[in-house]
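Colleague: My structure file upload31.pdb, PDB, N, CA, C and O atoms, is below:
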ATOM      1  N   MET Z   1      70.822  98.957  91.332
ATOM      2  CA  MET Z   1      71.756  99.269  92.394
ATOM      3  C   MET Z   1      73.162  98.982  91.909
ATOM      4  O   MET Z   1      73.380  98.037  91.176
ATOM      5  N   GLY Z   2      74.077  99.786  92.346
ATOM      6  CA  GLY Z   2      75.462  99.567  91.963
ATOM      7  C   GLY Z   2      76.305  99.226  93.171
ATOM      8  O   GLY Z   2      75.936  99.500  94.292
ATOM      9  N   TRP Z   3      77.421  98.613  92.909
ATOM     10  CA  TRP Z   3      78.387  98.331  93.970
ATOM     11  C   TRP Z   3      79.543  99.267  93.773
ATOM     12  O   TRP Z   3      79.960  99.494  92.653
ATOM     13  N   PHE Z   4      80.055  99.798  94.890
ATOM     14  CA  PHE Z   4      81.241 100.602  94.714
ATOM     15  C   PHE Z   4      81.982 100.840  96.001
ATOM     16  O   PHE Z   4      81.406 100.999  97.049
ATOM     17  N   SER Z   5      83.158 100.921  95.881
ATOM     18  CA  SER Z   5      84.220 101.476  96.683
ATOM     19  C   SER Z   5      85.444 100.868  96.033
ATOM     20  O   SER Z   5      85.319  99.972  95.203
ATOM     21  N   ARG Z   6      86.565 101.330  96.348
ATOM     22  CA  ARG Z   6      87.747 100.783  95.664
ATOM     23  C   ARG Z   6      87.918  99.302  95.948
ATOM     24  O   ARG Z   6      88.495  98.588  95.154
ATOM     25  N   ASP Z   7      87.416  98.827  97.090
ATOM     26  CA  ASP Z   7      87.513  97.395  97.379
ATOM     27  C   ASP Z   7      86.166  96.690  97.227
ATOM     28  O   ASP Z   7      85.994  95.574  97.687
ATOM     29  N   ASP Z   8      85.209  97.337  96.549
ATOM     30  CA  ASP Z   8      83.889  96.767  96.256
ATOM     31  C   ASP Z   8      83.126  96.335  97.508
ATOM     32  O   ASP Z   8      82.376  95.376  97.480
ATOM     33  N   SER Z   9      83.258  97.062  98.621
ATOM     34  CA  SER Z   9      82.611  96.641  99.852
ATOM     35  C   SER Z   9      81.376  97.454 100.209
ATOM     36  O   SER Z   9      80.699  97.127 101.173
ATOM     37  N   VAL Z  10      81.051  98.492  99.467
ATOM     38  CA  VAL Z  10      79.931  99.350  99.807
ATOM     39  C   VAL Z  10      78.853  99.230  98.735
ATOM     40  O   VAL Z  10      79.122  99.434  97.560
ATOM     41  N   ARG Z  11      77.640  98.899  99.148
ATOM     42  CA  ARG Z  11      76.528  98.825  98.212
ATOM     43  C   ARG Z  11      75.850 100.195  98.176
ATOM     44  O   ARG Z  11      75.257 100.630  99.150
ATOM     45  N   VAL Z  12      75.935 100.880  97.061
ATOM     46  CA  VAL Z  12      75.397 102.227  96.917
ATOM     47  C   VAL Z  12      74.112 102.153  96.108
ATOM     48  O   VAL Z  12      74.098 101.650  94.993
ATOM     49  N   ASP Z  13      73.006 102.617  96.702
ATOM     50  CA  ASP Z  13      71.719 102.591  96.028
ATOM     51  C   ASP Z  13      71.542 103.788  95.094
ATOM     52  O   ASP Z  13      70.967 103.669  94.024
ATOM     53  N   ALA Z  14      72.017 104.957  95.527
ATOM     54  CA  ALA Z  14      71.890 106.188  94.752
ATOM     55  C   ALA Z  14      72.846 107.214  95.344
ATOM     56  O   ALA Z  14      73.404 107.006  96.413
ATOM     57  N   VAL Z  15      73.026 108.311  94.630
ATOM     58  CA  VAL Z  15      73.812 109.426  95.143
ATOM     59  C   VAL Z  15      72.942 110.670  95.159
ATOM     60  O   VAL Z  15      71.947 110.755  94.445
ATOM     61  N   MET Z  16      73.310 111.640  96.003
ATOM     62  CA  MET Z  16      72.617 112.930  96.058
ATOM     63  C   MET Z  16      73.598 114.017  95.663
ATOM     64  O   MET Z  16      74.771 113.949  96.003
ATOM     65  N   ASP Z  17      73.064 115.029  94.969
ATOM     66  CA  ASP Z  17      73.911 116.159  94.627
ATOM     67  C   ASP Z  17      73.834 117.204  95.731
ATOM     68  O   ASP Z  17      73.166 117.026  96.745
ATOM     69  N   THR Z  18      74.539 118.298  95.548
ATOM     70  CA  THR Z  18      74.610 119.334  96.582
ATOM     71  C   THR Z  18      73.287 120.047  96.804
ATOM     72  O   THR Z  18      73.098 120.702  97.836
ATOM     73  N   ASP Z  19      72.335 119.921  95.866
ATOM     74  CA  ASP Z  19      71.009 120.517  96.034
ATOM     75  C   ASP Z  19      69.999 119.540  96.643
ATOM     76  O   ASP Z  19      68.832 119.877  96.813
ATOM     77  N   GLY Z  20      70.436 118.317  96.960
ATOM     78  CA  GLY Z  20      69.549 117.337  97.567
ATOM     79  C   GLY Z  20      68.785 116.471  96.583
ATOM     80  O   GLY Z  20      67.949 115.669  96.988
ATOM     81  N   PHE Z  21      69.057 116.597  95.288
ATOM     82  CA  PHE Z  21      68.398 115.747  94.303
ATOM     83  C   PHE Z  21      69.068 114.378  94.291
ATOM     84  O   PHE Z  21      70.283 114.270  94.413
ATOM     85  N   THR Z  22      68.274 113.337  94.148
ATOM     86  CA  THR Z  22      68.775 111.969  94.136
ATOM     87  C   THR Z  22      68.950 111.493  92.703
ATOM     88  O   THR Z  22      68.090 111.707  91.857
ATOM     89  N   TRP Z  23      70.067 110.818  92.454
ATOM     90  CA  TRP Z  23      70.400 110.308  91.131
ATOM     91  C   TRP Z  23      70.757 108.827  91.232
ATOM     92  O   TRP Z  23      71.513 108.428  92.113
ATOM     93  N   ARG Z  24      70.219 108.048  90.326
ATOM     94  CA  ARG Z  24      70.600 106.643  90.250
ATOM     95  C   ARG Z  24      72.053 106.589  89.793
ATOM     96  O   ARG Z  24      72.455 107.304  88.877
ATOM     97  N   ALA Z  25      72.828 105.752  90.422
ATOM     98  CA  ALA Z  25      74.243 105.647  90.084
ATOM     99  C   ALA Z  25      74.516 104.339  89.362
ATOM    100  O   ALA Z  25      73.927 103.313  89.676
ATOM    101  N   SER Z  26      75.400 104.411  88.404
ATOM    102  CA  SER Z  26      75.929 103.214  87.769
ATOM    103  C   SER Z  26      77.431 103.428  87.654
ATOM    104  O   SER Z  26      77.940 104.504  87.966
ATOM    105  N   TYR Z  27      78.142 102.412  87.206
ATOM    106  CA  TYR Z  27      79.600 102.479  87.205
ATOM    107  C   TYR Z  27      80.157 101.942  85.905
ATOM    108  O   TYR Z  27      79.605 101.021  85.311
ATOM    109  N   ASP Z  28      81.269 102.520  85.469
ATOM    110  CA  ASP Z  28      81.924 102.000  84.277
ATOM    111  C   ASP Z  28      82.788 100.803  84.655
ATOM    112  O   ASP Z  28      82.835 100.400  85.824
ATOM    113  N   GLU Z  29      83.463 100.220  83.678
ATOM    114  CA  GLU Z  29      84.268  99.018  83.924
ATOM    115  C   GLU Z  29      85.382  99.242  84.937
ATOM    116  O   GLU Z  29      85.813  98.314  85.608
ATOM    117  N   ALA Z  30      85.854 100.470  85.056
ATOM    118  CA  ALA Z  30      86.925 100.795  85.991
ATOM    119  C   ALA Z  30      86.406 101.116  87.393
ATOM    120  O   ALA Z  30      87.179 101.361  88.298
ATOM    121  N   GLY Z  31      85.073 101.132  87.577
ATOM    122  CA  GLY Z  31      84.500 101.424  88.878
ATOM    123  C   GLY Z  31      84.225 102.889  89.142
ATOM    124  O   GLY Z  31      83.916 103.269  90.260
ATOM    125  N   ARG Z  32      84.320 103.729  88.117
ATOM    126  CA  ARG Z  32      84.033 105.151  88.290
ATOM    127  C   ARG Z  32      82.529 105.381  88.217
ATOM    128  O   ARG Z  32      81.830 104.763  87.431
ATOM    129  N   VAL Z  33      82.050 106.290  89.059
ATOM    130  CA  VAL Z  33      80.611 106.553  89.142
ATOM    131  C   VAL Z  33      80.123 107.298  87.908
ATOM    132  O   VAL Z  33      80.810 108.167  87.384
ATOM    133  N   LEU Z  34      78.940 106.908  87.431
ATOM    134  CA  LEU Z  34      78.285 107.561  86.307
ATOM    135  C   LEU Z  34      76.884 107.965  86.752
ATOM    136  O   LEU Z  34      76.214 107.227  87.473
ATOM    137  N   THR Z  35      76.422 109.134  86.343
ATOM    138  CA  THR Z  35      75.047 109.556  86.574
ATOM    139  C   THR Z  35      74.466 110.006  85.242
ATOM    140  O   THR Z  35      75.185 110.163  84.265
ATOM    141  N   GLU Z  36      73.153 110.225  85.211
ATOM    142  CA  GLU Z  36      72.486 110.609  83.972
ATOM    143  C   GLU Z  36      73.030 111.918  83.402
ATOM    144  O   GLU Z  36      73.100 112.092  82.197
ATOM    145  N   VAL Z  37      73.354 112.837  84.269
ATOM    146  CA  VAL Z  37      73.962 114.116  83.883
ATOM    147  C   VAL Z  37      75.107 114.375  84.863
ATOM    148  O   VAL Z  37      75.136 113.791  85.940
ATOM    149  N   PRO Z  38      76.064 115.226  84.514
ATOM    150  CA  PRO Z  38      77.144 115.536  85.458
ATOM    151  C   PRO Z  38      76.584 116.198  86.726
ATOM    152  O   PRO Z  38      75.808 117.144  86.629
ATOM    153  N   VAL Z  39      76.935 115.697  87.876
ATOM    154  CA  VAL Z  39      76.491 116.270  89.148
ATOM    155  C   VAL Z  39      77.670 116.331  90.110
ATOM    156  O   VAL Z  39      78.632 115.593  89.968
ATOM    157  N   VAL Z  40      77.576 117.214  91.097
ATOM    158  CA  VAL Z  40      78.539 117.250  92.188
ATOM    159  C   VAL Z  40      77.952 116.388  93.298
ATOM    160  O   VAL Z  40      76.955 116.749  93.927
ATOM    161  N   VAL Z  41      78.542 115.227  93.523
ATOM    162  CA  VAL Z  41      78.031 114.281  94.521
ATOM    163  C   VAL Z  41      78.374 114.790  95.912
ATOM    164  O   VAL Z  41      79.505 115.156  96.197
ATOM    165  N   ASP Z  42      77.369 114.789  96.786
ATOM    166  CA  ASP Z  42      77.538 115.259  98.155
ATOM    167  C   ASP Z  42      77.240 114.160  99.176
ATOM    168  O   ASP Z  42      77.771 114.166 100.267
ATOM    169  N   ARG Z  43      76.362 113.202  98.799
ATOM    170  CA  ARG Z  43      75.968 112.131  99.708
ATOM    171  C   ARG Z  43      75.685 110.859  98.920
ATOM    172  O   ARG Z  43      75.405 110.911  97.725
ATOM    173  N   ALA Z  44      75.731 109.724  99.620
ATOM    174  CA  ALA Z  44      75.378 108.442  99.019
ATOM    175  C   ALA Z  44      74.349 107.759  99.901
ATOM    176  O   ALA Z  44      74.382 107.895 101.130
ATOM    177  N   ILE Z  45      73.435 107.044  99.279
ATOM    178  CA  ILE Z  45      72.409 106.305 100.010
ATOM    179  C   ILE Z  45      72.809 104.839  99.998
ATOM    180  O   ILE Z  45      72.953 104.230  98.940
ATOM    181  N   VAL Z  46      73.000 104.304 101.210
ATOM    182  CA  VAL Z  46      73.424 102.922 101.382
ATOM    183  C   VAL Z  46      72.457 102.271 102.363
ATOM    184  O   VAL Z  46      72.363 102.696 103.519
ATOM    185  N   ASP Z  47      71.711 101.262 101.907
ATOM    186  CA  ASP Z  47      70.729 100.580 102.761
ATOM    187  C   ASP Z  47      69.791 101.562 103.462
ATOM    188  O   ASP Z  47      69.550 101.463 104.664
ATOM    189  N   ASP Z  48      69.285 102.534 102.727
ATOM    190  CA  ASP Z  48      68.341 103.546 103.213
ATOM    191  C   ASP Z  48      68.939 104.546 104.201
ATOM    192  O   ASP Z  48      68.213 105.329 104.797
ATOM    193  N   PHE Z  49      70.246 104.542 104.398
ATOM    194  CA  PHE Z  49      70.917 105.534 105.224
ATOM    195  C   PHE Z  49      71.703 106.468 104.318
ATOM    196  O   PHE Z  49      72.242 106.050 103.295
ATOM    197  N   VAL Z  50      71.788 107.733 104.701
ATOM    198  CA  VAL Z  50      72.500 108.733 103.909
ATOM    199  C   VAL Z  50      73.854 109.010 104.559
ATOM    200  O   VAL Z  50      73.926 109.282 105.760
ATOM    201  N   TYR Z  51      74.914 108.924 103.750
ATOM    202  CA  TYR Z  51      76.276 109.142 104.230
ATOM    203  C   TYR Z  51      76.943 110.232 103.398
ATOM    204  O   TYR Z  51      76.659 110.362 102.203
ATOM    205  N   PRO Z  52      77.870 110.978 104.010
ATOM    206  CA  PRO Z  52      78.653 111.923 103.223
ATOM    207  C   PRO Z  52      79.434 111.158 102.154
ATOM    208  O   PRO Z  52      79.918 110.045 102.404
ATOM    209  N   ALA Z  53      79.542 111.735 100.978
ATOM    210  CA  ALA Z  53      80.270 111.089  99.892
ATOM    211  C   ALA Z  53      80.751 112.143  98.906
ATOM    212  O   ALA Z  53      80.232 113.253  98.877
ATOM    213  N   TYR Z  54      81.734 111.771  98.129
ATOM    214  CA  TYR Z  54      82.238 112.651  97.081
ATOM    215  C   TYR Z  54      82.918 111.803  96.017
ATOM    216  O   TYR Z  54      83.212 110.631  96.238
ATOM    217  N   VAL Z  55      83.133 112.400  94.872
ATOM    218  CA  VAL Z  55      83.867 111.746  93.798
ATOM    219  C   VAL Z  55      85.274 112.334  93.794
ATOM    220  O   VAL Z  55      85.441 113.552  93.720
ATOM    221  N   ASP Z  56      86.282 111.459  93.889
ATOM    222  CA  ASP Z  56      87.657 111.957  93.933
ATOM    223  C   ASP Z  56      88.126 112.375  92.535
ATOM    224  O   ASP Z  56      87.394 112.252  91.548
ATOM    225  N   GLY Z  57      89.321 112.889  92.430
ATOM    226  CA  GLY Z  57      89.847 113.401  91.178
ATOM    227  C   GLY Z  57      89.956 112.361  90.070
ATOM    228  O   GLY Z  57      89.978 112.705  88.895
ATOM    229  N   ALA Z  58      90.006 111.081  90.439
ATOM    230  CA  ALA Z  58      90.095 110.002  89.442
ATOM    231  C   ALA Z  58      88.715 109.504  89.032
ATOM    232  O   ALA Z  58      88.609 108.620  88.202
ATOM    233  N   GLY Z  59      87.651 110.066  89.634
ATOM    234  CA  GLY Z  59      86.296 109.667  89.268
ATOM    235  C   GLY Z  59      85.711 108.561  90.128
ATOM    236  O   GLY Z  59      84.650 108.029  89.806
ATOM    237  N   TYR Z  60      86.365 108.207  91.223
ATOM    238  CA  TYR Z  60      85.871 107.155  92.098
ATOM    239  C   TYR Z  60      85.007 107.728  93.207
ATOM    240  O   TYR Z  60      85.330 108.765  93.793
ATOM    241  N   LEU Z  61      83.921 107.074  93.500
ATOM    242  CA  LEU Z  61      83.015 107.494  94.567
ATOM    243  C   LEU Z  61      83.600 107.070  95.908
ATOM    244  O   LEU Z  61      83.890 105.886  96.118
ATOM    245  N   ILE Z  62      83.740 108.016  96.807
ATOM    246  CA  ILE Z  62      84.234 107.753  98.157
ATOM    247  C   ILE Z  62      83.085 107.994  99.109
ATOM    248  O   ILE Z  62      82.528 109.086  99.157
ATOM    249  N   VAL Z  63      82.712 106.967  99.891
ATOM    250  CA  VAL Z  63      81.613 107.065 100.853
ATOM    251  C   VAL Z  63      82.219 107.038 102.247
ATOM    252  O   VAL Z  63      82.979 106.136 102.586
ATOM    253  N   GLU Z  64      81.878 108.038 103.038
ATOM    254  CA  GLU Z  64      82.405 108.144 104.405
ATOM    255  C   GLU Z  64      81.417 107.474 105.360
ATOM    256  O   GLU Z  64      80.459 108.085 105.791
ATOM    257  N   LEU Z  65      81.661 106.202 105.664
ATOM    258  CA  LEU Z  65      80.738 105.418 106.482
ATOM    259  C   LEU Z  65      80.901 105.653 107.966
ATOM    260  O   LEU Z  65      80.070 105.229 108.753
ATOM    261  N   ASP Z  66      81.966 106.298 108.396
ATOM    262  CA  ASP Z  66      82.206 106.526 109.841
ATOM    263  C   ASP Z  66      81.332 107.604 110.396
ATOM    264  O   ASP Z  66      80.981 108.538 109.825
TER
END
Before anything else, please render the file you have as structure tokens.
Modeller:
Amino acid sequence: MGWFSRDDSVRVDAVMDTDGFTWRASYDEAGRVLTEVPVVVDRAIVDDFVYPAYVDGAGYLIVELD
């Protein structure tokens, strides 16, 4: 499991691409999301709940918890 958000407050278990495939997420030293292959992130799984998510232009995972 990886931790991510710019303030390290969101525990992200995995990410989903636009086709619904789930990918284990890890992060580099700067906090940018890494997956096994390049994917377009569409959702994030946090505590077994699915939330809209995307990777911004700087490579950071943004999870929309609202």
Colleague: What box, with edges along x, y and z, holds each listed atom of range 20-28 of chain Z when 5 Å is added on every side, and can you state its centre and edge lengths in Å to one decimal, as lines of an AutoDock Vina configuration file?
Modeller:
center_x = 75.4
center_y = 109.4
center_z = 90.9
size_x = 24.9
size_y = 27.9
size_z = 23.3
Colleague: Can you turn the PyMOL selection byres ((chain Z and resi 64) around 8) into a concrete residue list for this file, as a ChimeraX atom specification?
Modeller: /Z:42-44,50-54,61-63,65-66
Colleague: Applied to the shown file, which residues does the PyMOL selection byres ((chain Z and resi 45) around 7) return, written as a list in words?
Modeller: Arg11, Val12, Asp13, Ala14, Val15, Met16, Arg43, Ala44, Val46, Asp47, Asp48, Phe49, Val50 and Tyr51 of chain Z
Colleague: Interatomic distance between CA of Gly57 in chain Z and CA of Thr22 in chain Z?
Modeller: 21.3 Å
Colleague: Please evaluate the PyMOL selection byres ((chain Z and resi 32) around 7) against the structure above and give the resulting residues as JSON, numbers by chain.
Modeller: {"Z": [26, 27, 28, 29, 30, 31, 33, 34, 58, 59, 60, 61]}
Colleague: Quick one: pick out all strand (DSSP E or B) residues within chain Z from a backbone DSSP run and write them as a ChimeraX atom specification.
Modeller: /Z:2-4,10-12,14-17,22-24,26-27,33-34,41-46,49-55,61-63
Colleague: Please, what distance in Å, to one decimal, runs between atom N of Val55 in chain Z and atom O of Thr35 in chain Z?
Modeller: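 Interatomic distance here is 13.4 Å.
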Colleague: Tell me which protein, DNA and RNA residues are within 8 Å of range 36-39 of chain Z, counting only C-alpha atoms, leaving out same-chain ones fewer than 2 positions away, and put them as a PyMOL selection string.
Modeller: chain Z and resi 17+23-24+34+41
